[in-house]
file coords.pdb (PDB, C-alpha atoms and all ligand atoms)
MODEL        1
ATOM      1  CA  MET A  10     -64.249  -8.270   7.820
ATOM      2  CA  PRO A  11     -60.551  -8.251   6.819
ATOM      3  CA  GLU A  12     -58.294  -6.195   9.084
ATOM      4  CA  ALA A  13     -56.431  -4.381   6.288
ATOM      5  CA  LEU A  14     -57.194  -2.486   3.103
ATOM      6  CA  ILE A  15     -54.244  -2.375   0.714
ATOM      7  CA  VAL A  16     -54.461   0.715  -1.489
ATOM      8  CA  VAL A  17     -52.689   0.526  -4.858
ATOM      9  CA  PRO A  18     -52.651   3.858  -6.722
ATOM     10  CA  THR A  19     -52.274   3.578 -10.478
ATOM     11  CA  PHE A  20     -51.630   5.844 -13.389
ATOM     12  CA  ASN A  21     -50.629   4.018 -16.582
ATOM     13  CA  GLU A  22     -49.484   0.794 -14.906
ATOM     14  CA  ILE A  23     -51.047  -1.684 -17.317
ATOM     15  CA  ASP A  24     -47.895  -3.820 -17.586
ATOM     16  CA  SER A  25     -47.427  -4.238 -13.838
ATOM     17  CA  LEU A  26     -50.897  -4.248 -12.295
ATOM     18  CA  GLU A  27     -51.800  -7.895 -12.732
ATOM     19  CA  SER A  28     -48.509  -9.117 -11.325
ATOM     20  CA  ILE A  29     -48.567  -6.810  -8.289
ATOM     21  CA  ILE A  30     -52.149  -7.795  -7.413
ATOM     22  CA  ARG A  31     -51.201 -11.469  -7.672
ATOM     23  CA  ARG A  32     -48.154 -10.983  -5.462
ATOM     24  CA  ILE A  33     -50.162  -9.021  -2.868
ATOM     25  CA  ARG A  34     -52.781 -11.786  -2.842
ATOM     26  CA  VAL A  35     -50.110 -14.392  -2.112
ATOM     27  CA  ALA A  36     -48.465 -12.322   0.625
ATOM     28  CA  ALA A  37     -51.654 -11.088   2.325
ATOM     29  CA  PRO A  38     -54.450 -13.470   1.360
ATOM     30  CA  ALA A  39     -56.807 -12.146   4.034
ATOM     31  CA  ALA A  40     -56.562  -8.484   3.068
ATOM     32  CA  ASP A  41     -58.787  -6.459   0.762
ATOM     33  CA  ILE A  42     -57.196  -4.574  -2.138
ATOM     34  CA  LEU A  43     -58.377  -1.247  -3.530
ATOM     35  CA  VAL A  44     -56.944   0.013  -6.827
ATOM     36  CA  VAL A  45     -57.268   3.792  -7.140
ATOM     37  CA  ASP A  46     -56.977   4.660 -10.818
ATOM     38  CA  ASP A  47     -57.026   8.205 -12.150
ATOM     39  CA  SER A  48     -58.522   7.434 -15.580
ATOM     40  CA  SER A  49     -55.251   6.040 -16.962
ATOM     41  CA  PRO A  50     -55.278   6.455 -20.750
ATOM     42  CA  ASP A  51     -53.538   3.069 -21.183
ATOM     43  CA  GLY A  52     -56.545   1.108 -19.886
ATOM     44  CA  THR A  53     -55.225   0.278 -16.391
ATOM     45  CA  GLY A  54     -58.676   1.080 -14.972
ATOM     46  CA  GLN A  55     -60.403  -1.484 -17.225
ATOM     47  CA  LEU A  56     -57.790  -4.108 -16.381
ATOM     48  CA  ALA A  57     -58.407  -3.385 -12.692
ATOM     49  CA  ASP A  58     -62.157  -3.867 -13.258
ATOM     50  CA  ALA A  59     -61.462  -7.244 -14.892
ATOM     51  CA  LEU A  60     -59.268  -8.309 -11.959
ATOM     52  CA  ALA A  61     -61.952  -7.149  -9.508
ATOM     53  CA  ALA A  62     -64.598  -9.150 -11.380
ATOM     54  CA  SER A  63     -62.680 -12.354 -10.721
ATOM     55  CA  ASP A  64     -61.708 -11.640  -7.097
ATOM     56  CA  PRO A  65     -64.246 -10.376  -4.547
ATOM     57  CA  ARG A  66     -61.399  -9.099  -2.379
ATOM     58  CA  VAL A  67     -60.340  -6.612  -5.102
ATOM     59  CA  SER A  68     -62.226  -3.384  -5.815
ATOM     60  CA  VAL A  69     -61.518  -0.301  -7.905
ATOM     61  CA  LEU A  70     -62.020   3.389  -7.326
ATOM     62  CA  HIS A  71     -62.115   5.304 -10.608
ATOM     63  CA  ARG A  72     -61.289   8.966 -10.352
ATOM     64  CA  THR A  73     -61.947  11.309 -13.237
ATOM     65  CA  THR A  74     -58.814  13.412 -13.018
ATOM     66  CA  LYS A  75     -55.172  12.766 -12.281
ATOM     67  CA  ASP A  76     -54.545  15.206  -9.464
ATOM     68  CA  GLY A  77     -51.622  13.594  -7.738
ATOM     69  CA  LEU A  78     -50.621  10.644  -5.591
ATOM     70  CA  GLY A  79     -51.602  12.379  -2.353
ATOM     71  CA  ARG A  80     -55.165  12.987  -3.475
ATOM     72  CA  ALA A  81     -55.485   9.426  -4.765
ATOM     73  CA  TYR A  82     -54.363   8.055  -1.393
ATOM     74  CA  LEU A  83     -56.697  10.358   0.543
ATOM     75  CA  ALA A  84     -59.610   9.002  -1.501
ATOM     76  CA  GLY A  85     -58.498   5.457  -0.644
ATOM     77  CA  PHE A  86     -58.054   6.315   3.046
ATOM     78  CA  ALA A  87     -61.573   7.788   3.180
ATOM     79  CA  ILE A  88     -62.926   4.415   2.056
ATOM     80  CA  ALA A  89     -60.784   2.536   4.599
ATOM     81  CA  LEU A  90     -62.022   4.796   7.420
ATOM     82  CA  ALA A  91     -65.654   4.616   6.320
ATOM     83  CA  LYS A  92     -65.593   0.820   6.117
ATOM     84  CA  GLY A  93     -63.846   0.363   9.455
ATOM     85  CA  TYR A  94     -60.595  -1.445   8.559
ATOM     86  CA  ASP A  95     -57.969  -1.508  11.327
ATOM     87  CA  TYR A  96     -55.066  -0.863   8.931
ATOM     88  CA  VAL A  97     -54.583   0.788   5.577
ATOM     89  CA  VAL A  98     -51.538  -0.010   3.452
ATOM     90  CA  GLU A  99     -49.782   2.099   0.813
ATOM     91  CA  ILE A 100     -47.907   0.243  -1.919
ATOM     92  CA  ASP A 101     -46.783   1.257  -5.415
ATOM     93  CA  ALA A 102     -48.172  -0.623  -8.404
ATOM     94  CA  ASP A 103     -44.869  -0.762 -10.279
ATOM     95  CA  GLY A 104     -43.216  -3.570  -8.309
ATOM     96  CA  SER A 105     -40.779  -1.328  -6.434
ATOM     97  CA  HIS A 106     -42.219  -2.507  -3.111
ATOM     98  CA  ASP A 107     -42.029  -6.252  -2.529
ATOM     99  CA  PRO A 108     -45.400  -7.528  -1.234
ATOM    100  CA  ALA A 109     -43.485 -10.291   0.581
ATOM    101  CA  GLU A 110     -42.766  -7.676   3.291
ATOM    102  CA  LEU A 111     -46.484  -7.255   4.029
ATOM    103  CA  PRO A 112     -46.788  -9.954   6.721
ATOM    104  CA  ALA A 113     -43.814  -8.481   8.594
ATOM    105  CA  MET A 114     -45.076  -4.914   8.302
ATOM    106  CA  LEU A 115     -48.632  -5.799   9.350
ATOM    107  CA  GLY A 116     -47.196  -7.806  12.248
ATOM    108  CA  ILE A 117     -45.218  -4.776  13.436
ATOM    109  CA  ALA A 118     -48.375  -2.647  13.240
ATOM    110  CA  ARG A 119     -50.321  -5.211  15.263
ATOM    111  CA  GLY A 120     -47.521  -5.282  17.808
ATOM    112  CA  GLY A 121     -48.066  -1.594  18.498
ATOM    113  CA  ALA A 122     -47.237   0.944  15.798
ATOM    114  CA  ASP A 123     -49.437   3.665  14.346
ATOM    115  CA  LEU A 124     -47.223   3.926  11.274
ATOM    116  CA  VAL A 125     -44.854   1.298   9.877
ATOM    117  CA  ILE A 126     -42.538   2.627   7.181
ATOM    118  CA  GLY A 127     -40.863   0.283   4.705
ATOM    119  CA  SER A 128     -37.569   2.120   4.911
ATOM    120  CA  ARG A 129     -34.676   2.291   2.440
ATOM    121  CA  ARG A 130     -32.556   4.433   4.728
ATOM    122  CA  VAL A 131     -31.991   2.296   7.814
ATOM    123  CA  PRO A 132     -29.477  -0.575   8.264
ATOM    124  CA  GLY A 133     -30.664  -3.462   6.112
ATOM    125  CA  GLY A 134     -32.613  -1.183   3.740
ATOM    126  CA  SER A 135     -31.449  -0.594   0.150
ATOM    127  CA  VAL A 136     -32.269   0.817  -3.287
ATOM    128  CA  HIS A 137     -31.563  -1.135  -6.477
ATOM    129  CA  ASN A 138     -31.154   0.075 -10.059
ATOM    130  CA  TRP A 139     -31.622   3.783  -9.495
ATOM    131  CA  SER A 140     -29.471   6.179 -11.494
ATOM    132  CA  TRP A 141     -27.022   8.200  -9.402
ATOM    133  CA  MET A 142     -29.158  11.258 -10.186
ATOM    134  CA  ARG A 143     -32.310   9.673  -8.784
ATOM    135  CA  GLN A 144     -30.376   8.465  -5.717
ATOM    136  CA  ALA A 145     -28.996  11.939  -5.187
ATOM    137  CA  ILE A 146     -32.415  13.629  -5.426
ATOM    138  CA  SER A 147     -33.882  11.134  -2.976
ATOM    139  CA  LYS A 148     -31.014  11.325  -0.482
ATOM    140  CA  VAL A 149     -30.785  15.118  -0.531
ATOM    141  CA  GLY A 150     -34.578  15.409  -0.322
ATOM    142  CA  ASN A 151     -34.729  13.107   2.685
ATOM    143  CA  TRP A 152     -31.865  14.869   4.417
ATOM    144  CA  TYR A 153     -33.447  18.282   3.783
ATOM    145  CA  ALA A 154     -36.874  17.238   5.043
ATOM    146  CA  ARG A 155     -35.405  15.567   8.149
ATOM    147  CA  THR A 156     -33.312  18.605   8.994
ATOM    148  CA  VAL A 157     -35.896  21.290   8.327
ATOM    149  CA  LEU A 158     -38.701  19.407  10.082
ATOM    150  CA  ARG A 159     -36.402  18.079  12.851
ATOM    151  CA  SER A 160     -37.790  14.648  12.147
ATOM    152  CA  ARG A 161     -36.285  11.434  13.471
ATOM    153  CA  ILE A 162     -37.681   9.360  10.610
ATOM    154  CA  HIS A 163     -34.921   8.170   8.237
ATOM    155  CA  ASP A 164     -37.067   7.616   5.133
ATOM    156  CA  LEU A 165     -39.650  10.369   5.135
ATOM    157  CA  THR A 166     -40.497  10.042   1.448
ATOM    158  CA  ALA A 167     -41.003   6.275   1.501
ATOM    159  CA  GLY A 168     -44.192   5.093  -0.164
ATOM    160  CA  TYR A 169     -44.515   1.617   1.377
ATOM    161  CA  ARG A 170     -46.413   1.942   4.638
ATOM    162  CA  VAL A 171     -48.969   0.529   7.043
ATOM    163  CA  TYR A 172     -51.123   3.052   8.911
ATOM    164  CA  ARG A 173     -53.364   2.262  11.855
ATOM    165  CA  THR A 174     -56.656   3.793  10.733
ATOM    166  CA  SER A 175     -57.366   5.175  14.204
ATOM    167  CA  ALA A 176     -54.173   7.238  13.892
ATOM    168  CA  LEU A 177     -55.352   8.619  10.546
ATOM    169  CA  ARG A 178     -58.659   9.436  12.188
ATOM    170  CA  ASP A 179     -56.760  11.541  14.746
ATOM    171  CA  LEU A 180     -55.364  13.701  11.948
ATOM    172  CA  ALA A 181     -57.687  16.089  10.183
ATOM    173  CA  LEU A 182     -57.082  14.576   6.755
ATOM    174  CA  THR A 183     -59.104  17.305   5.062
ATOM    175  CA  ASN A 184     -56.327  19.711   6.078
ATOM    176  CA  VAL A 185     -53.608  17.687   4.353
ATOM    177  CA  ALA A 186     -52.246  20.078   1.780
ATOM    178  CA  SER A 187     -49.916  18.046  -0.435
ATOM    179  CA  GLN A 188     -50.937  16.933  -3.887
ATOM    180  CA  GLY A 189     -47.865  15.013  -4.974
ATOM    181  CA  TYR A 190     -45.298  12.828  -3.262
ATOM    182  CA  CYS A 191     -44.621  15.229  -0.398
ATOM    183  CA  PHE A 192     -47.909  13.861   0.881
ATOM    184  CA  GLN A 193     -45.749  11.082   2.329
ATOM    185  CA  VAL A 194     -43.556  13.556   4.186
ATOM    186  CA  GLU A 195     -46.561  15.509   5.431
ATOM    187  CA  LEU A 196     -48.445  12.509   6.822
ATOM    188  CA  ALA A 197     -45.439  10.949   8.540
ATOM    189  CA  TRP A 198     -44.474  14.270  10.074
ATOM    190  CA  LEU A 199     -48.010  15.041  11.286
ATOM    191  CA  LEU A 200     -48.121  11.646  13.025
ATOM    192  CA  GLU A 201     -44.657  12.251  14.486
ATOM    193  CA  LEU A 202     -45.641  15.716  15.741
ATOM    194  CA  SER A 203     -48.758  14.370  17.391
ATOM    195  CA  GLY A 204     -46.869  11.707  19.332
ATOM    196  CA  HIS A 205     -47.889   8.578  17.416
ATOM    197  CA  THR A 206     -45.663   5.510  17.451
ATOM    198  CA  ILE A 207     -43.612   5.127  14.273
ATOM    199  CA  LYS A 208     -41.482   2.129  13.303
ATOM    200  CA  GLU A 209     -39.139   1.761  10.356
ATOM    201  CA  HIS A 210     -38.701  -1.669   8.819
ATOM    202  CA  PRO A 211     -35.831  -2.120   6.324
ATOM    203  CA  ILE A 212     -36.836  -2.948   2.744
ATOM    204  CA  ALA A 213     -35.031  -3.474  -0.561
ATOM    205  CA  PHE A 214     -36.540  -1.014  -3.034
ATOM    206  CA  GLU A 215     -36.389  -2.086  -6.697
ATOM    207  CA  GLU A 216     -36.639   0.401  -9.564
ATOM    208  CA  ARG A 217     -39.681  -0.239 -11.743
ATOM    209  CA  ALA A 218     -39.088  -2.814 -14.515
ATOM    210  CA  THR A 219     -41.760  -1.487 -16.907
ATOM    211  CA  GLY A 220     -43.803   1.644 -17.467
ATOM    212  CA  ARG A 221     -42.806   5.240 -16.877
ATOM    213  CA  SER A 222     -42.137   7.216 -13.731
ATOM    214  CA  LYS A 223     -44.624   9.930 -12.789
ATOM    215  CA  MET A 224     -41.949  11.701 -10.821
ATOM    216  CA  GLY A 225     -41.336  15.103 -12.387
ATOM    217  CA  SER A 226     -39.859  18.473 -11.557
ATOM    218  CA  GLY A 227     -43.296  19.788 -10.471
ATOM    219  CA  ILE A 228     -43.411  17.175  -7.733
ATOM    220  CA  VAL A 229     -39.911  18.046  -6.513
ATOM    221  CA  VAL A 230     -40.678  21.772  -6.525
ATOM    222  CA  GLU A 231     -43.930  21.246  -4.588
ATOM    223  CA  ALA A 232     -42.066  19.187  -1.989
ATOM    224  CA  LEU A 233     -39.256  21.724  -1.640
ATOM    225  CA  MET A 234     -41.630  24.650  -1.234
ATOM    226  CA  ARG A 235     -44.005  22.957   1.185
ATOM    227  CA  ILE A 236     -41.277  21.424   3.376
ATOM    228  CA  THR A 237     -39.498  24.782   3.604
ATOM    229  CA  TRP A 238     -42.769  26.484   4.495
ATOM    230  CA  TRP A 239     -43.647  23.887   7.141
ATOM    231  CA  GLY A 240     -40.170  24.204   8.578
ATOM    232  CA  LEU A 241     -40.513  27.977   8.830
ATOM    233  CA  THR A 242     -44.051  28.065  10.183
ATOM    234  CA  ARG A 243     -44.594  24.886  12.170
ATOM    235  CA  GLY A 244     -41.029  23.746  12.773
ATOM    236  CA  THR A 245     -40.688  25.223  16.227
ATOM    237  CA  ARG A 246     -42.842  22.335  17.450
ATOM    238  CA  ARG A 247     -40.546  19.405  18.023
ATOM    239  CA  PRO A 248     -41.697  15.925  17.064
ATOM    240  CA  THR A 249     -42.192  13.842  20.182
ATOM    241  CA  SER A 250     -42.888  10.408  18.746
ATOM    242  CA  PRO A 251     -40.734   7.394  19.423
ATOM    243  CA  VAL A 252     -39.211   6.323  16.093
ATOM    244  CA  THR A 253     -37.681   2.870  16.250
ATOM    245  CA  LEU A 254     -36.094   0.401  13.889
ATOM    246  CA  VAL A 255     -37.626  -3.053  13.742
TER     247      VAL A 255
HETATM  248  N1  LIG B   1     -53.967   7.287  -8.914
HETATM  249  C1  LIG B   1     -52.773   7.883  -9.082
HETATM  250  N2  LIG B   1     -51.647   7.144  -8.983
HETATM  251  C2  LIG B   1     -50.459   7.772  -9.163
HETATM  252  C3  LIG B   1     -50.344   9.146  -9.466
HETATM  253  N3  LIG B   1     -49.019   9.452  -9.575
HETATM  254  C4  LIG B   1     -48.351   8.291  -9.359
HETATM  255  N4  LIG B   1     -49.213   7.280  -9.114
HETATM  256  C5  LIG B   1     -48.893   5.881  -8.774
HETATM  257  O1  LIG B   1     -48.113   5.932  -7.612
HETATM  258  C6  LIG B   1     -47.106   4.931  -7.610
HETATM  259  C7  LIG B   1     -45.736   5.597  -7.518
HETATM  260  O2  LIG B   1     -45.491   6.320  -8.713
HETATM  261  P1  LIG B   1     -44.132   6.176  -9.568
HETATM  262  O3  LIG B   1     -44.272   6.877 -10.858
HETATM  263  O4  LIG B   1     -43.717   4.757  -9.594
HETATM  264  O5  LIG B   1     -43.187   7.017  -8.693
HETATM  265  P2  LIG B   1     -41.813   6.655  -8.140
HETATM  266  O6  LIG B   1     -41.881   5.314  -7.507
HETATM  267  O7  LIG B   1     -41.393   7.805  -7.298
HETATM  268  O8  LIG B   1     -40.940   6.665  -9.456
HETATM  269  P3  LIG B   1     -40.332   5.456 -10.338
HETATM  270  O9  LIG B   1     -40.393   4.234  -9.521
HETATM  271  O10 LIG B   1     -38.994   5.916 -10.709
HETATM  272  O11 LIG B   1     -41.219   5.328 -11.513
HETATM  273  C8  LIG B   1     -47.329   4.141  -8.891
HETATM  274  O12 LIG B   1     -48.143   3.037  -8.589
HETATM  275  C9  LIG B   1     -48.055   5.141  -9.785
HETATM  276  O13 LIG B   1     -48.853   4.524 -10.770
HETATM  277  C10 LIG B   1     -51.550   9.907  -9.570
HETATM  278  O14 LIG B   1     -51.567  11.100  -9.820
HETATM  279  N5  LIG B   1     -52.721   9.217  -9.380
HETATM  280 MG    MG B   2     -42.172   3.758  -8.654
ENDMDL
END

call {"tool": "encode", "arguments": {"input": "coords.pdb", "output": "structure tokens"}}
result
Amino acid sequence: MPEALIVVPTFNEIDSLESIIRRIRVAAPAADILVVDDSSPDGTGQLADALAASDPRVSVLHRTTKDGLGRAYLAGFAIALAKGYDYVVEIDADGSHDPAELPAMLGIARGGADLVIGSRRVPGGSVHNWSWMRQAISKVGNWYARTVLRSRIHDLTAGYRVYRTSALRDLALTNVASQGYCFQVELAWLLELSGHTIKEHPIAFEERATGRSKMGSGIVVEALMRITWWGLTRGTRRPTSPVTLV
């Protein structure tokens, strides 16, 4: 039984899927990979099936509706918990997260972290080829979430992560509210609030080379509203977790 399940959510990623699966395979040959596709109209789901047919370590979860990154990940996490993996990994399909960091991030988790964040906002971390507008939205969003939630995590919205499955089991995942990308903020903060060990590992984030972003104003508005609400209602509880840079 492999120790890690690497979950790759996809919506219209036909031009990048094959390459990212190949790169993950090279970086983490012992891990299992689960593609979670929300019925992409461009045929990403069928391509994933073809890749799974030629590699027993790759499987595909087909969902009938596109109802957000958070929901897609929760479906993947449910499989990881049911099958008993020690770690579950989040990684984008578009090549923004370099799979070459996987051995380091899994090693940090093994060494004693409940959540390892591939972080753009710690010394050594960086973002490449983002427009100033996208940089500004990300920086302001991170600053706002950190301040309102009193978090010590520097990259709360990061989407490259290793979770210890036992830590996810501690959270009542059915109560996770977020649909879109603020799912990342919510999960990290819930682990921080409940005293889990969190480590940030610097990564170089690359803007996608092909395909289109799914980031839209709806996602930003959801994040803004939820984070503000959490700050107002739950923010009196101070996070207690150690957050360290490794
Ligand atoms: N299954 C599923 N995957 C999604 C959904 N929304 C986004 N994704 C995937 O989640 C990952 C991150 O989405 P992106 O559109 O790259 O978002 P981003 O990284 O913030 O934006 P860009 O890199 O600028 O495109 C990609 O692998 C997407 O295909 C969704 O609703 N369902
Ligand atoms: Mg992306």

call {"tool": "closest_residue", "arguments": {"input": "coords.pdb", "among": "A:Met114, A:Met10, A:Ile15, A:Val149", "to": "Gly93 in chain A", "atoms": "only C-alpha atoms"}}
result
A:Met10

call {"tool": "closest_residue", "arguments": {"input": "coords.pdb", "among": "A:Ser128, A:Ser226, A:Ser187, A:Ser250", "to": "Leu165 in chain A", "atoms": "all atoms listed in the file"}}
result
A:Ser128

call {"tool": "closest_residue", "arguments": {"input": "coords.pdb", "among": "A:Ser28, A:Gln193, A:Gln188, A:Thr174", "to": "Ile162 in chain A", "atoms": "all atoms listed in the file"}}
result
A:Gln193

call {"tool": "atom_distance", "arguments": {"input": "coords.pdb", "atom1": "atom P1 of ligand LIG 1 (chain B)", "atom2": "CA of Ile207 in chain A"}}
result
23.9 Å

call {"tool": "residues_near_point", "arguments": {"input": "coords.pdb", "point": "(-59.9, -6.3, 10.6)", "cutoff": "8 Å", "atoms": "only C-alpha atoms", "output": "mmCIF file with C-alpha atoms, in the frame of the given file"}}
result
data_model
loop_
_atom_site.group_PDB
_atom_site.id
_atom_site.type_symbol
_atom_site.label_atom_id
_atom_site.label_comp_id
_atom_site.auth_asym_id
_atom_site.auth_seq_id
_atom_site.Cartn_x
_atom_site.Cartn_y
_atom_site.Cartn_z
ATOM 1 C CA MET A 10 -64.249 -8.270 7.820
ATOM 2 C CA PRO A 11 -60.551 -8.251 6.819
ATOM 3 C CA GLU A 12 -58.294 -6.195 9.084
ATOM 4 C CA ALA A 13 -56.431 -4.381 6.288
ATOM 5 C CA GLY A 93 -63.846 0.363 9.455
ATOM 6 C CA TYR A 94 -60.595 -1.445 8.559
ATOM 7 C CA ASP A 95 -57.969 -1.508 11.327
ATOM 8 C CA TYR A 96 -55.066 -0.863 8.931
#

call {"tool": "resolve_selection", "arguments": {"input": "coords.pdb", "expression": "the PyMOL selection byres (((chain A and resi 124) around 7) and not hetatm)", "output": "count of residues only"}}
result
12

call {"tool": "axis_aligned_box", "arguments": {"input": "coords.pdb", "around": "range 181-196 of chain A", "padding_each_side": "8 Å", "output": "AutoDock Vina command-line options"}}
result
--center_x -51.3 --center_y 15.6 --center_z 2.6 --size_x 31.5 --size_y 25.0 --size_z 31.2

call {"tool": "residues_around", "arguments": {"input": "coords.pdb", "residues": "Pro211 in chain A", "least_positions_apart": "2", "cutoff": "7 Å", "atoms": "only C-alpha atoms", "output": "ChimeraX atom specification"}}
result
/A:127-129,131-134,209

call {"tool": "atom_distance", "arguments": {"input": "coords.pdb", "atom1": "CA of Asp107 in chain A", "atom2": "CA of Ala62 in chain A"}}
result
24.4 Å

call {"tool": "atom_distance", "arguments": {"input": "coords.pdb", "atom1": "CA of Trp198 in chain A", "atom2": "CA of Arg178 in chain A"}}
result
15.1 Å

call {"tool": "residues_near_ligand", "arguments": {"input": "coords.pdb", "ligand": "ligand MG 2 (chain B)", "cutoff": "9 Å", "atoms": "all atoms listed in the file", "output": "list of chain:residue names"}}
result
A:Asp101, A:Ala102, A:Asp103, A:Gly104, A:Ser105, A:His106, A:Gly168, A:Glu215, A:Glu216, A:Arg217, A:Arg221, A:Ser222, A:Lys223, A:Met224

call {"tool": "closest_residue", "arguments": {"input": "coords.pdb", "among": "A:Ala186, A:Ala57, A:Ile117, A:Leu241", "to": "Leu158 in chain A", "atoms": "all atoms listed in the file"}}
result
A:Leu241

call {"tool": "residues_around", "arguments": {"input": "coords.pdb", "residues": "Ala87 in chain A", "least_positions_apart": "2", "cutoff": "12 Å", "atoms": "all atoms listed in the file", "output": "list of chain:residue names"}}
result
A:Leu14, A:Val16, A:Leu43, A:Val45, A:Leu70, A:Arg80, A:Ala81, A:Tyr82, A:Leu83, A:Ala84, A:Gly85, A:Ala89, A:Leu90, A:Ala91, A:Lys92, A:Gly93, A:Tyr94, A:Val97, A:Thr174, A:Leu177, A:Arg178, A:Ala181, A:Leu182, A:Thr183

call {"tool": "build_atoms", "arguments": {"input": "coords.pdb", "residues": "range 70-83 of chain A", "atoms": "N, CA and C atoms", "output": "PDB file, in the coordinates of the input"}}
result
ATOM      1  N   LEU A  70     -61.465   2.040  -7.388  1.00  0.00           N
ATOM      2  CA  LEU A  70     -62.020   3.389  -7.326  1.00  0.00           C
ATOM      3  C   LEU A  70     -61.536   4.129  -8.573  1.00  0.00           C
ATOM      4  N   HIS A  71     -62.480   4.552  -9.396  1.00  0.00           N
ATOM      5  CA  HIS A  71     -62.115   5.304 -10.608  1.00  0.00           C
ATOM      6  C   HIS A  71     -62.284   6.786 -10.320  1.00  0.00           C
ATOM      7  N   ARG A  72     -61.204   7.514 -10.519  1.00  0.00           N
ATOM      8  CA  ARG A  72     -61.289   8.966 -10.352  1.00  0.00           C
ATOM      9  C   ARG A  72     -61.190   9.607 -11.729  1.00  0.00           C
ATOM     10  N   THR A  73     -61.852  10.744 -11.889  1.00  0.00           N
ATOM     11  CA  THR A  73     -61.947  11.309 -13.237  1.00  0.00           C
ATOM     12  C   THR A  73     -60.705  12.098 -13.635  1.00  0.00           C
ATOM     13  N   THR A  74     -59.997  12.638 -12.645  1.00  0.00           N
ATOM     14  CA  THR A  74     -58.814  13.412 -13.018  1.00  0.00           C
ATOM     15  C   THR A  74     -57.583  12.912 -12.282  1.00  0.00           C
ATOM     16  N   LYS A  75     -56.441  13.094 -12.926  1.00  0.00           N
ATOM     17  CA  LYS A  75     -55.172  12.766 -12.281  1.00  0.00           C
ATOM     18  C   LYS A  75     -54.746  14.010 -11.515  1.00  0.00           C
ATOM     19  N   ASP A  76     -54.970  14.015 -10.210  1.00  0.00           N
ATOM     20  CA  ASP A  76     -54.545  15.206  -9.464  1.00  0.00           C
ATOM     21  C   ASP A  76     -53.575  14.857  -8.348  1.00  0.00           C
ATOM     22  N   GLY A  77     -52.753  13.836  -8.627  1.00  0.00           N
ATOM     23  CA  GLY A  77     -51.622  13.594  -7.738  1.00  0.00           C
ATOM     24  C   GLY A  77     -51.801  12.402  -6.818  1.00  0.00           C
ATOM     25  N   LEU A  78     -50.652  11.840  -6.432  1.00  0.00           N
ATOM     26  CA  LEU A  78     -50.621  10.644  -5.591  1.00  0.00           C
ATOM     27  C   LEU A  78     -51.280  10.889  -4.237  1.00  0.00           C
ATOM     28  N   GLY A  79     -51.041  12.062  -3.666  1.00  0.00           N
ATOM     29  CA  GLY A  79     -51.602  12.379  -2.353  1.00  0.00           C
ATOM     30  C   GLY A  79     -53.119  12.341  -2.376  1.00  0.00           C
ATOM     31  N   ARG A  80     -53.697  12.951  -3.387  1.00  0.00           N
ATOM     32  CA  ARG A  80     -55.165  12.987  -3.475  1.00  0.00           C
ATOM     33  C   ARG A  80     -55.725  11.589  -3.698  1.00  0.00           C
ATOM     34  N   ALA A  81     -55.023  10.797  -4.508  1.00  0.00           N
ATOM     35  CA  ALA A  81     -55.485   9.426  -4.765  1.00  0.00           C
ATOM     36  C   ALA A  81     -55.484   8.632  -3.458  1.00  0.00           C
ATOM     37  N   TYR A  82     -54.419   8.778  -2.667  1.00  0.00           N
ATOM     38  CA  TYR A  82     -54.363   8.055  -1.393  1.00  0.00           C
ATOM     39  C   TYR A  82     -55.436   8.543  -0.421  1.00  0.00           C
ATOM     40  N   LEU A  83     -55.669   9.859  -0.385  1.00  0.00           N
ATOM     41  CA  LEU A  83     -56.697  10.358   0.543  1.00  0.00           C
ATOM     42  C   LEU A  83     -58.058   9.769   0.204  1.00  0.00           C
TER      43      LEU A  83
END
